[in-house]
file target-v5.cif (mmCIF, C-alpha atoms)
data_data
#
loop_
_atom_site.label_atom_id
_atom_site.label_comp_id
_atom_site.auth_asym_id
_atom_site.auth_seq_id
_atom_site.Cartn_x
_atom_site.Cartn_y
_atom_site.Cartn_z
CA MET S 19 -24.56 15.48 5.97
CA LEU S 20 -21.97 14.98 8.69
CA LEU S 21 -20.35 18.09 10.14
CA SER S 22 -16.61 18.48 10.10
CA HIS S 23 -14.50 18.18 13.24
CA ARG S 24 -13.68 21.90 13.24
CA VAL S 25 -17.36 22.90 13.12
CA LEU S 26 -18.24 20.54 15.96
CA ARG S 27 -15.40 21.89 18.06
CA THR S 28 -16.49 25.50 17.45
CA VAL S 29 -20.10 24.69 18.36
CA SER S 30 -19.04 22.92 21.57
CA GLU S 31 -16.82 25.87 22.60
CA VAL S 32 -19.65 28.36 21.99
CA ILE S 33 -22.11 26.27 24.01
CA TYR S 34 -19.58 25.97 26.85
CA ALA S 35 -19.06 29.76 26.89
CA LEU S 36 -22.81 30.42 26.91
CA LEU S 37 -23.36 28.01 29.80
CA PHE S 38 -20.52 29.64 31.74
CA LEU S 39 -22.00 33.12 31.24
CA ILE S 40 -25.48 31.94 32.22
CA ILE S 41 -24.18 30.38 35.45
CA VAL S 42 -22.15 33.49 36.34
CA VAL S 43 -25.08 35.83 35.64
CA ALA S 44 -27.50 33.61 37.56
CA ALA S 45 -25.13 33.44 40.55
CA GLY S 46 -24.62 37.22 40.48
CA LEU S 47 -28.35 37.95 40.30
CA SER S 48 -29.13 35.53 43.13
CA CYS S 49 -26.37 37.12 45.27
CA ALA S 50 -27.75 40.63 44.64
CA ALA S 51 -31.33 39.53 45.34
CA ILE S 52 -30.45 37.79 48.62
CA ILE S 53 -28.32 40.74 49.85
CA SER S 54 -31.07 43.23 48.97
CA GLN S 55 -33.58 41.07 50.85
CA ALA S 56 -31.22 40.98 53.85
CA VAL S 57 -31.02 44.78 53.78
CA ARG S 58 -34.79 45.20 53.51
CA THR S 59 -35.54 42.80 56.35
CA SER S 60 -33.00 44.32 58.75
CA SER S 61 -34.14 46.65 61.55
CA THR S 62 -32.06 49.56 60.26
CA GLN S 63 -32.57 48.76 56.53
CA ASP S 64 -28.97 49.77 55.88
CA TRP S 65 -25.67 48.17 54.86
CA VAL S 66 -23.96 49.32 58.03
CA LYS S 67 -23.81 46.70 60.78
CA ASN S 68 -25.90 44.28 58.69
CA PHE S 69 -24.71 40.83 59.73
CA ASN S 70 -27.02 38.95 57.34
CA ALA S 71 -25.68 40.83 54.31
CA LEU S 72 -22.13 40.12 55.45
CA ILE S 73 -22.86 36.38 55.73
CA VAL S 74 -24.46 36.27 52.26
CA GLY S 75 -21.60 38.15 50.65
CA ALA S 76 -18.97 36.00 52.36
CA SER S 77 -20.77 32.82 51.27
CA TYR S 78 -20.71 33.85 47.63
CA ILE S 79 -17.08 34.88 47.82
CA ILE S 80 -16.17 31.47 49.29
CA LEU S 81 -18.25 29.80 46.53
CA LEU S 82 -16.34 31.75 43.86
CA ALA S 83 -12.98 30.85 45.40
CA VAL S 84 -13.84 27.13 45.64
CA SER S 85 -15.10 27.09 42.03
CA LEU S 86 -11.90 28.72 40.76
CA LEU S 87 -9.85 26.30 42.84
CA PHE S 88 -11.58 23.29 41.28
CA CYS S 89 -11.10 24.71 37.75
CA VAL S 90 -7.40 25.35 38.33
CA LYS S 91 -6.92 21.92 39.90
CA ARG S 92 -8.62 20.21 36.97
CA ARG S 93 -6.55 22.11 34.40
CA VAL S 94 -3.27 21.36 36.20
CA ALA S 95 -4.17 17.65 36.46
CA VAL S 96 -4.90 17.46 32.73
CA ARG S 97 -1.62 19.22 31.93
CA LEU S 98 0.34 16.80 34.11
CA LYS S 99 -1.30 13.74 32.55
CA LEU S 100 -0.64 15.02 29.02
CA SER S 101 3.00 15.79 29.86
CA ARG S 102 3.52 12.14 30.88
CA ILE S 103 2.52 10.91 27.43
CA SER S 104 5.57 10.18 25.29
CA LYS S 105 5.81 12.42 22.22
CA THR S 106 7.75 9.75 20.31
CA TYR S 107 6.21 6.51 19.09
CA ARG S 108 6.88 3.47 21.21
CA THR S 109 5.22 0.12 21.66
CA VAL S 110 2.90 -0.13 24.67
CA GLY S 111 3.45 -3.36 26.56
CA LYS S 112 1.44 -5.20 29.14
CA GLY S 113 3.37 -3.57 31.98
CA ASP S 114 2.43 -0.07 30.79
CA LEU S 115 -1.29 -0.63 31.34
CA PRO S 116 -3.48 -1.91 34.13
CA ASN S 117 -4.53 -5.53 33.72
CA SER S 118 -8.16 -4.60 33.12
CA VAL S 119 -7.23 -2.13 30.38
CA HIS S 120 -4.83 -4.60 28.74
CA THR S 121 -7.47 -7.33 28.78
CA TYR S 122 -10.06 -4.99 27.29
CA VAL S 123 -7.71 -3.85 24.49
CA THR S 124 -6.78 -7.46 23.69
CA GLN S 125 -10.41 -8.54 23.51
CA GLU S 126 -11.31 -5.62 21.24
CA TYR S 127 -8.34 -6.37 18.98
CA VAL S 128 -9.35 -10.03 18.67
CA ARG S 129 -12.96 -9.02 18.01
CA THR S 130 -11.84 -6.62 15.27
CA CYS S 131 -9.71 -9.32 13.63
CA LEU S 132 -12.65 -11.73 13.65
CA VAL S 133 -14.97 -9.12 12.16
CA CYS S 134 -12.45 -8.37 9.39
CA TYR S 135 -12.03 -12.05 8.63
CA GLU S 136 -15.75 -12.70 8.53
CA SER S 137 -16.20 -9.65 6.28
CA LEU S 138 -13.92 -11.08 3.59
CA PRO S 139 -15.83 -12.23 0.49
CA LYS S 140 -16.24 -15.99 0.26
CA ASP S 141 -17.53 -17.97 -2.70
CA VAL S 142 -17.87 -14.75 -4.68
CA TYR S 143 -17.01 -14.68 -8.37
CA HIS S 144 -16.54 -11.57 -10.48
CA GLU S 145 -16.13 -11.97 -14.21
CA GLY S 146 -12.56 -11.40 -15.34
CA TRP S 147 -11.09 -11.81 -11.83
CA GLY S 148 -9.69 -14.77 -9.94
CA ARG S 149 -11.91 -16.34 -7.33
CA PRO S 150 -11.02 -15.73 -3.65
CA GLY S 151 -9.19 -18.60 -2.05
CA THR S 152 -7.63 -19.84 -5.31
CA LYS S 153 -4.15 -19.24 -6.73
CA TYR S 154 -5.65 -16.59 -9.02
CA SER S 155 -7.16 -14.58 -6.16
CA GLY S 156 -6.89 -10.83 -6.79
CA ILE S 157 -5.62 -11.25 -10.38
CA ARG S 158 -7.40 -9.57 -13.26
CA PHE S 159 -7.11 -11.93 -16.20
CA LYS S 160 -7.16 -9.27 -18.91
CA ARG S 161 -4.36 -7.19 -17.40
CA ALA S 162 -2.22 -10.24 -16.57
CA LEU S 163 -2.37 -11.55 -20.16
CA LEU S 164 -1.59 -8.16 -21.70
CA ASP S 165 1.40 -7.74 -19.37
CA THR S 166 3.04 -10.80 -20.94
CA ILE S 167 3.36 -9.14 -24.36
CA PRO S 168 6.29 -6.79 -23.49
CA GLN S 169 8.16 -9.66 -21.81
CA ILE S 170 7.93 -11.91 -24.89
CA ASP S 171 8.74 -8.99 -27.19
CA LYS S 172 11.89 -8.20 -25.18
CA LEU S 173 13.13 -11.78 -25.45
CA ALA S 174 12.33 -11.84 -29.17
CA HIS S 175 14.50 -8.75 -29.73
CA ILE S 176 17.35 -10.37 -27.80
CA ILE S 177 17.28 -13.44 -30.05
CA ILE S 178 16.48 -11.56 -33.27
CA PRO S 179 17.85 -8.00 -32.99
CA LEU S 180 16.11 -6.96 -36.24
CA HIS S 181 12.73 -8.13 -34.95
CA PRO S 182 10.03 -5.56 -35.87
CA ALA S 183 8.85 -3.08 -33.26
CA LEU S 184 5.66 -3.85 -31.39
CA LYS S 185 2.54 -2.11 -32.68
CA PRO S 186 -0.44 -1.47 -30.39
CA HIS S 187 -3.05 -3.51 -32.28
CA ALA S 188 -0.86 -6.02 -34.15
CA ARG S 189 -1.86 -9.67 -33.93
CA MET S 190 0.57 -11.83 -32.02
CA ILE S 191 0.68 -14.48 -34.74
CA HIS S 192 1.86 -11.80 -37.17
CA HIS S 193 4.15 -9.82 -34.87
CA PHE S 194 6.02 -12.89 -33.58
CA ARG S 195 6.07 -14.70 -36.93
CA PHE S 196 9.88 -14.81 -36.99
CA ILE S 197 10.11 -16.80 -33.75
CA ALA S 198 7.40 -19.27 -34.77
CA PRO S 199 9.95 -21.77 -36.24
CA LEU S 200 11.65 -21.91 -32.83
CA LEU S 201 8.50 -23.10 -31.06
CA PRO S 202 7.42 -26.76 -30.79
CA LYS S 203 4.21 -28.04 -32.38
CA ASP S 204 1.57 -30.25 -30.84
CA GLU S 205 -0.16 -33.21 -32.45
CA ASP S 206 -2.49 -30.86 -34.33
CA GLY S 207 0.42 -28.89 -35.78
CA MET S 208 -0.30 -25.86 -33.57
CA THR S 209 2.42 -23.93 -31.77
CA PRO S 210 1.97 -22.13 -28.43
CA LEU S 211 1.95 -18.91 -30.45
CA HIS S 212 -1.40 -19.87 -32.03
CA TYR S 213 -3.03 -20.40 -28.61
CA TYR S 214 -1.43 -17.22 -27.28
CA ASP S 215 -2.71 -15.21 -30.25
CA SER S 216 -6.26 -16.53 -29.69
CA ALA S 217 -6.16 -15.54 -26.01
CA ILE S 218 -4.86 -12.02 -26.76
CA GLN S 219 -7.48 -11.53 -29.48
CA LEU S 220 -10.16 -12.58 -27.01
CA VAL S 221 -8.84 -10.09 -24.45
CA ARG S 222 -8.70 -7.23 -26.94
CA ASN S 223 -11.88 -7.70 -28.94
CA SER S 224 -14.35 -9.73 -26.90
CA SER S 225 -17.31 -7.94 -25.31
CA ARG S 226 -17.21 -10.28 -22.31
CA GLU S 227 -14.53 -10.80 -19.70
CA VAL S 228 -11.94 -13.55 -19.98
CA GLY S 229 -12.79 -16.74 -18.13
CA GLU S 230 -10.50 -18.74 -15.86
CA ARG S 231 -10.05 -21.57 -18.38
CA GLU S 232 -9.18 -19.16 -21.18
CA PHE S 233 -6.76 -17.35 -18.88
CA GLU S 234 -5.02 -20.61 -18.02
CA VAL S 235 -4.64 -21.52 -21.70
CA GLY S 236 -3.22 -18.09 -22.56
CA MET S 237 -0.81 -18.03 -19.63
CA LEU S 238 0.35 -21.60 -20.34
CA ALA S 239 1.06 -20.66 -23.96
CA ALA S 240 2.92 -17.52 -22.82
CA GLU S 241 5.02 -19.56 -20.38
CA ARG S 242 5.94 -22.05 -23.10
CA ILE S 243 6.93 -19.25 -25.49
CA VAL S 244 9.04 -17.56 -22.80
CA GLY S 245 10.66 -20.90 -21.91
CA CYS S 246 11.61 -21.62 -25.53
CA LEU S 247 13.02 -18.12 -26.03
CA GLU S 248 15.03 -18.32 -22.81
CA GLU S 249 16.49 -21.66 -23.93
CA CYS S 250 17.51 -20.09 -27.25
CA ARG S 251 19.06 -17.15 -25.43
CA ASP S 252 21.05 -19.48 -23.16
CA GLU S 253 22.26 -21.49 -26.14
CA MET S 254 23.34 -18.27 -27.85
CA ARG S 255 25.34 -17.27 -24.79
CA MET S 256 26.97 -20.67 -24.49
CA GLY S 257 27.82 -20.66 -28.18
CA GLY S 258 29.31 -17.18 -27.86
CA ASP S 259 31.50 -18.28 -24.95
CA GLU S 260 32.77 -21.34 -26.90
CA PHE S 261 33.48 -19.15 -29.91
CA SER S 262 35.43 -16.70 -27.74
CA VAL S 263 37.52 -19.55 -26.22
CA GLY S 264 38.27 -20.94 -29.67
CA ASP S 265 39.39 -17.53 -30.91
CA ASP S 266 41.69 -17.13 -27.91
CA GLU S 267 43.32 -20.54 -28.56
CA ASP S 268 43.80 -19.70 -32.26
CA GLU S 269 45.36 -16.36 -31.37
CA GLU S 270 47.73 -18.07 -28.90
CA GLY S 271 48.73 -20.56 -31.58
CA ASP S 272 49.39 -17.74 -34.07
CA TRP S 273 51.62 -15.97 -31.57
CA GLU S 274 53.53 -19.20 -30.87
CA ASP S 275 54.09 -19.70 -34.63
CA ARG S 276 55.30 -16.14 -34.92
CA ASP S 277 57.73 -16.63 -32.03
CA ASP S 278 59.10 -19.80 -33.63
CA ARG S 279 59.60 -18.05 -36.95
CA THR S 280 61.34 -15.14 -35.26
CA LYS S 281 63.74 -17.48 -33.42
CA LEU S 282 64.50 -19.33 -36.68
CA ASP S 283 65.25 -16.09 -38.53
CA GLU S 284 67.56 -14.96 -35.73
CA ALA S 285 69.45 -18.29 -35.82
CA LEU S 286 69.94 -18.07 -39.61
CA CYS S 287 71.17 -14.49 -39.37
CA SER S 288 73.68 -15.44 -36.67
CA GLU S 289 75.10 -18.20 -38.85
#

call {"tool": "encode", "arguments": {"input": "target-v5.cif", "output": "structure tokens"}}
result
Amino acid sequence: MLLSHRVLRTVSEVIYALLFLIIVVAAGLSCAAIISQAVRTSSTQDWVKNFNALIVGASYIILLAVSLLFCVKRRVAVRLKLSRISKTYRTVGKGDLPNSVHTYVTQEYVRTCLVCYESLPKDVYHEGWGRPGTKYSGIRFKRALLDTIPQIDKLAHIIIPLHPALKPHARMIHHFRFIAPLLPKDEDGMTPLHYYDSAIQLVRNSSREVGEREFEVGMLAAERIVGCLEECRDEMRMGGDEFSVGDDEDEEGDWEDRDDRTKLDEALCSE
């Protein structure tokens, strides 16, 4: 099981602290051992006027100072580099990078694109789904056919306002029976509603997935039904507009007749 990022960071910090303590303790013990040896080997065996002990102590002090200097220098350099990084998102261009870095990034990007393209499935067929590379790629036949039912039902209610409400498991041939006379028939006397009902029944009740040919037949029938209903809706709108224009002309004629009668009555009264 892979460890989380927080656990790995904690482990690395603990290891770094342990290594730092080991180095400090080892340096301290070596300094004490060398100074004690310098004291033992001196003629007076004392700290006073012991040049060797002074040299050893000064060497370790210089070592400590140089080590701290390198640590501080490294930390300041990292801080300065991080402060130069923009905190807001911006596009990195070719002029923002060295040529070698830009070339490397470009090559890796192209390689990644090629790997992604080669990883795409080719000549793979899953039952109930469109094949990759065709116009049905990524389409699930069952869901696409079922999504056409609310669209046809909405158009049917526009044309026939008293059309019955859609029930979950109603057959299409029964539910849309009132719009069947509006649909054309083929040479066998079948309307697109019959083919559409067969496709929906196959989607709902079949134990296998819908094939591409069956999906095409169902979608073609649905398109023909939608086309016929849209034509009827357009004709209804055009007929409504003509009726409204005719009513307006009749009303204008009635008002003109009324004006004529009023003028005639006024003339008779004046006489």

call {"tool": "resolve_selection", "arguments": {"input": "target-v5.cif", "expression": "the PyMOL selection byres ((chain S and resi 240) around 9)", "output": "PyMOL selection string"}}
result
chain S and resi 163+166-167+170+210-211+213-214+235-239+241-245

call {"tool": "resolve_selection", "arguments": {"input": "target-v5.cif", "expression": "the PyMOL selection byres ((chain S and resi 226) around 12)", "output": "count of residues only"}}
result
14

call {"tool": "atom_distance", "arguments": {"input": "target-v5.cif", "atom1": "atom CA of His192 of chain S", "atom2": "atom CA of Glu249 of chain S"}}
result
22.1 Å

call {"tool": "resolve_selection", "arguments": {"input": "target-v5.cif", "expression": "the PyMOL selection byres ((chain S and resi 200) around 12)", "output": "list in words"}}
result
Ala174, Ile177, Ile178, Phe194, Arg195, Phe196, Ile197, Ala198, Pro199, Leu201, Pro202, Lys203, Thr209, Pro210, Leu211, Arg242, Ile243, Val244, Gly245, Cys246, Leu247, Glu248, Glu249, Cys250 and Arg251 of chain S

call {"tool": "closest_residue", "arguments": {"input": "target-v5.cif", "among": "S:Leu39, S:Leu180, S:Ile191, S:Ala217", "to": "Ala162 of chain S", "atoms": "all atoms listed in the file"}}
result
S:Ala217

call {"tool": "atom_distance", "arguments": {"input": "target-v5.cif", "atom1": "atom CA of Ile103 of chain S", "atom2": "atom CA of Arg24 of chain S"}}
result
24.2 Å

call {"tool": "residues_around", "arguments": {"input": "target-v5.cif", "residues": "Phe69 of chain S", "least_positions_apart": "6", "cutoff": "10 Å", "atoms": "all atoms listed in the file", "output": "ChimeraX atom specification"}}
result
/S:56-57,60,75

call {"tool": "atom_distance", "arguments": {"input": "target-v5.cif", "atom1": "atom CA of Ile157 of chain S", "atom2": "atom CA of Pro139 of chain S"}}
result
14.9 Å
